[in-house]
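Take a look at the structure set out below.
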Amino acid sequence: MPKILQLKQHVADLIAAGEVVQRPASVVKELMENSIDSGAAIITVEINSGGMTYIRVTDDGCGIAPEDAKTAFLRHATSKLKDAHDLEAIGTLGFRGEALAAIAAVSRVDLMTRQAGSNEGVSLSLESGDVVDTSPTGCPEGTTIIVRDLFFNTPARMKFMKSDRAEGSSVTQAVLRCALSRPDISIRFIKDGRTEYHTPGDSRIDSCVYSLLGRDFEAGFIKAQSADEAVSVNGFVSTPAAARGNRSYQFFFVNGRVIRSQLIQTALEQAYKNVLPSGRFPSCVLYITIKPGSIDVNVHPAKTEVKFYSDKQIFDGVYYAALGALEDSKIFNIESQYTNPVLQSDNTTLYHDSGSIFNTTQIKEKIILNIPAEHNINVKTGDTSMHVPFDVIYDNCISESSGTYIPYVSHEVSGKNDIRTDMFLCPDPIRVIGEAFNVYIIIEYKNSIWFIDKHAAHERLHFDALRSSNYESMSEALIMPVICRLGHEDVSLLLENDAFIEALGFTVENFGDDSVAIRHIPAEIDIGDTESILSDICDQLKKGGSAVPVQRDVIYKIIACKAAIKAGRSSGKTELEILAAKVMSGEAAFCPHGRPVAYEISKSTLEKIFGRT
């Protein structure tokens with residue numbers, strides 16, 4: 001066995017730094033938390049080059065005494081704990097005394113600090129954790145820390161850093177969360193010379209949310225609160241109409257600490273169980289206050305995860321705060337009642353429900369147009385207008401079936417009112433009996449009754465088309481771009497993978513650090529699904545780091561699922577016949593997720609059940 005040796009202090013410090021300082025955002029988070037703990041009323045954060053070359057955090061807090069300046073950069077040196085009893089009720093964000101030591105170990109650091117009432121402050125310079133200069137200095141009350149050349153002495157860590165854009169987006173999110181956690185502190189964030197955020201520090205949650213997330217986001221929030229002897233919850237949750245395609249705008253704070261919690265997330269989403277469709281998530285900014293002794297914050301190196309003395313009390317507090325907000329507001333999205341968008345006609349999305357057509361304007365005004373199915377409507381597809389019967393519009397499927405030959409419209413259109421159709425032959429005659437529960441197609445085929453999951457079948461066909469080597473995305477130009485507010489990290493991912501995103505049929509343009517403008521979308525999807533699809537794509541790109549084949553397949557599944565017929569929507573005869581013919585000809589056996597598309601009950605089995613054998 002190799003001889004056991006004690007690591008040198010410098011090596012041990014570098015290893016410890018890796019637990020606390022993972023990227024520039026980690027540095028900013030730790031320094032901001034120190035500023036908050038110092039009692040600051042104003043905090044300014046400035047970065048250049050994503051924070052890799054320059055980070056500056058300035059506050060007007062209590063400052064550090066000159067004799068304590070060097071000690072502050074030693075490991076396990078802290079002013080926030082004195083003995084083991086203090087661990088039982090931690091009331092500060094920092095307490096371990098590792099942040100400054102860890103940051104200094106992997107960078108070049110300058111400190112300037114002056115206590116309130118002191119005539120002069122102290123200046124300190126460190127490199128790789130070693131003090132290289134110290135002197136008295138004149139400076140404002142409070143503390144300024146400058147971090148330069150992060151990971152300059154640890155190239156193994158440096159190579160794992162992402163682009164400046166990606167690291168800058170991560171810092172932006174860290175500042176946003178810290179700023180949201182304390183509406184009573186005015187926080188300014190400057191990135192590459194440009195002010196990104198500036199909160200008023202007036203202790204009002206709504207003005208803090210407005211300044212950080214924007215007017216449209218704040219307008220989609222409703223007040224949420226609940227309180228009992230153990231837990232109080234205060235903040236905002238989103239209306240059902242403002243739900244998003246991911247959880248990136250769920251912000252939870254416990255006793256002023258930014259946390260991640262599956263428990264709280266589940267409690268929030270449980271309150272929306274009956275008002276949001278699958279794949280849509282509520283947003284929130286929720287502040288939870290409990291007794292310090294009822295929470296253990298010493299369970300994660302970055303202090304982003306906690307343990308609660310009573311999970312049930314926390315769950316109930318969040319659940320009833322969100323549920324009460326929804327019940328009190330009585331806000332329900334009229335359009336969400338008609339979740340079957342059929343197509344886009346000119347600049348209007350049409351919804352089909354029980355044989356009627358509604359457009360978005362008429363739904364909002366509660367005017368219903370009952371248009372008979374045999375009437376014709378003008379449909380604009382690309383640059384070509386077609387005059388087609390509504391009752392057979394779906395997935396470019398036009399005309400009636402003829403025997404076992406199923407006609408369908410090609411993507412090629414030769415003229416304004418001339419639609420070219422192609423034909424494919426089903427091996428044996430099939431008879432579509434109908435559909436059950438608006439989910440399953442029932443057909444008679446050979447000597448069996450078959451049940452076909454229409455969503456699964458259609459999803460498989462789209463998925464195979466996307467994966468085919470000769471697939472060319474059919475993009476639809478939008479008259480007005482769709483603005484998707486996805487968050488800084490997701491926007492950065494989309495722009496870095498723009499070639500892959502364009503190959504899917506999207507045209508994405510930067511529209512500010514946290515938003516993108518979409519000018520083209522794949523022809524197969526509904527315009528209303530744009531943001532949720534892009535959010536899901538970003539979730540996959542985060543897992544793989546790039547659009548590698550495994551991630552591509554998952555992304556294709558996302559698009560295919562969104563483009564497929566929705567279960568629960570009534571389908572026309574032609575639509576059912578086309579899908580049935582494709583399934584029975586062997587084009588779709590399993591959905592992309594592995595579920596079977598069709599189930600057979602033979603005639604002989606039925607005869608046994610009814611005693612006819």
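Ligands are numbered from 1 in the order shown, chains are lettered A, B, ... in the order of the structure tokens, and residues start at 1 in each chain.
Summary of the local environment: counting only C-alpha atoms, residues at most 6 Å from Tyr54 of chain A, other than itself and those fewer than 6 positions away along its chain, are Ile47, Asn48, Val147 and Arg148 of chain A.
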Hey, what's within 12 Å of Ala436 of chain A if we count only C-alpha atoms and toss same-chain stuff fewer than 3 positions away? As an mmCIF file with C-alpha atoms, in the first residue's frame, please?
data_model
loop_
_atom_site.group_PDB
_atom_site.id
_atom_site.type_symbol
_atom_site.label_atom_id
_atom_site.label_comp_id
_atom_site.auth_asym_id
_atom_site.auth_seq_id
_atom_site.Cartn_x
_atom_site.Cartn_y
_atom_site.Cartn_z
ATOM 1 C CA VAL A 432 -62.486 2.722 -39.604
ATOM 2 C CA ILE A 433 -65.304 2.188 -37.123
ATOM 3 C CA VAL A 439 -57.910 8.973 -28.064
ATOM 4 C CA TYR A 440 -58.143 5.553 -29.724
ATOM 5 C CA ILE A 441 -58.959 4.822 -33.354
ATOM 6 C CA ILE A 442 -61.078 1.657 -33.678
ATOM 7 C CA ILE A 443 -60.701 -0.238 -36.941
ATOM 8 C CA TRP A 450 -57.571 -2.920 -33.598
ATOM 9 C CA PHE A 451 -57.232 -0.004 -31.214
ATOM 10 C CA ILE A 452 -54.724 2.641 -32.310
ATOM 11 C CA ASP A 453 -53.416 5.416 -30.043
ATOM 12 C CA LYS A 454 -53.687 8.288 -32.499
ATOM 13 C CA ALA A 567 -55.233 12.972 -27.241
ATOM 14 C CA GLY A 568 -58.687 14.125 -26.224
ATOM 15 C CA ARG A 569 -59.350 16.066 -29.422
ATOM 16 C CA SER A 570 -62.024 14.730 -31.731
ATOM 17 C CA SER A 571 -60.685 13.838 -35.180
ATOM 18 C CA LEU A 576 -58.472 8.692 -38.715
#
Open item on the list: For segment 263-274 of chain A, find every residue with an atom within 9 Å (counting only C-alpha atoms), except residues of its own chain fewer than 5 positions away, and show them as a ChimeraX atom specification.
Closed with: /A:237,240,247,250,252,281-282,284,311,314-324,326
Could you please take those selected residues and save C-alpha atoms as a PDB file, in the first residue's frame?
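Listed below is the output, again12.pdb:
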ATOM      1  CA  VAL A 237     -47.213  33.115  -8.087  1.00  0.00           C
ATOM      2  CA  PRO A 240     -52.374  29.942 -15.249  1.00  0.00           C
ATOM      3  CA  ARG A 247     -39.166  25.783 -14.109  1.00  0.00           C
ATOM      4  CA  GLN A 250     -39.352  29.447  -9.870  1.00  0.00           C
ATOM      5  CA  PHE A 252     -37.646  30.074  -3.510  1.00  0.00           C
ATOM      6  CA  PHE A 281     -45.173  25.037 -15.033  1.00  0.00           C
ATOM      7  CA  PRO A 282     -46.009  27.930 -12.727  1.00  0.00           C
ATOM      8  CA  CYS A 284     -43.112  32.213  -8.559  1.00  0.00           C
ATOM      9  CA  ASP A 311     -41.514  18.857   5.721  1.00  0.00           C
ATOM     10  CA  ILE A 314     -43.369  23.686   4.691  1.00  0.00           C
ATOM     11  CA  PHE A 315     -45.376  21.776   2.082  1.00  0.00           C
ATOM     12  CA  ASP A 316     -48.689  22.929   3.492  1.00  0.00           C
ATOM     13  CA  GLY A 317     -47.545  26.543   3.792  1.00  0.00           C
ATOM     14  CA  VAL A 318     -46.476  26.767   0.142  1.00  0.00           C
ATOM     15  CA  TYR A 319     -49.380  24.692  -1.174  1.00  0.00           C
ATOM     16  CA  TYR A 320     -52.095  26.714   0.541  1.00  0.00           C
ATOM     17  CA  ALA A 321     -50.427  30.029  -0.294  1.00  0.00           C
ATOM     18  CA  ALA A 322     -50.456  29.180  -4.020  1.00  0.00           C
ATOM     19  CA  LEU A 323     -53.895  27.542  -3.944  1.00  0.00           C
ATOM     20  CA  GLY A 324     -55.364  30.489  -2.065  1.00  0.00           C
ATOM     21  CA  LEU A 326     -55.529  30.999  -7.483  1.00  0.00           C
TER      22      LEU A 326
END
Give me the residues near Arg519 of chain A as a compact mmCIF listing (two decimals) with N, CA and C atoms, in the first residue's frame, where near means some atom within 9 Å (using only C-alpha atoms) and where sequence neighbours in that chain fewer than 5 positions away do not count.
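Generated output (out32.txt):
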# COMPACT_ATOMS: atom_id res chain seq x y z
N GLU A 476 -42.03 27.92 -41.25
CA GLU A 476 -43.12 28.85 -41.52
C GLU A 476 -42.71 30.23 -41.04
N ALA A 477 -42.70 31.19 -41.94
CA ALA A 477 -42.36 32.56 -41.57
C ALA A 477 -43.52 33.18 -40.79
N LEU A 478 -43.20 33.82 -39.69
CA LEU A 478 -44.21 34.44 -38.85
C LEU A 478 -44.35 35.91 -39.22
N ILE A 479 -45.59 36.37 -39.32
CA ILE A 479 -45.82 37.77 -39.64
C ILE A 479 -45.26 38.66 -38.54
N MET A 480 -45.49 38.25 -37.30
CA MET A 480 -44.93 38.95 -36.15
C MET A 480 -44.05 37.97 -35.39
N PRO A 481 -42.82 38.35 -35.02
CA PRO A 481 -41.97 37.42 -34.30
C PRO A 481 -42.54 37.08 -32.93
N VAL A 482 -42.26 35.87 -32.48
CA VAL A 482 -42.64 35.46 -31.13
C VAL A 482 -41.47 35.76 -30.21
N PHE A 506 -36.28 26.54 -36.74
CA PHE A 506 -36.44 27.79 -36.01
C PHE A 506 -35.41 28.81 -36.49
N THR A 507 -35.81 30.06 -36.55
CA THR A 507 -34.87 31.16 -36.72
C THR A 507 -34.88 31.97 -35.44
N VAL A 508 -33.73 32.00 -34.77
CA VAL A 508 -33.64 32.60 -33.44
C VAL A 508 -32.72 33.80 -33.49
N GLU A 509 -33.17 34.94 -32.97
CA GLU A 509 -32.36 36.14 -32.89
C GLU A 509 -32.32 36.63 -31.45
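Take the candidates A:Thr574, A:Gln540, A:Thr144, A:Ser604 and check each one against Lys557 of chain A using only C-alpha atoms; the shortest distance goes to A:Gln540.
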Open item on the list: Given only C-alpha atoms as the basis, pick out the residue of A:Thr605, A:Ser469, A:Ser207, A:Asn153 nearest to Val106 of chain A.
Closed with: A:Asn153
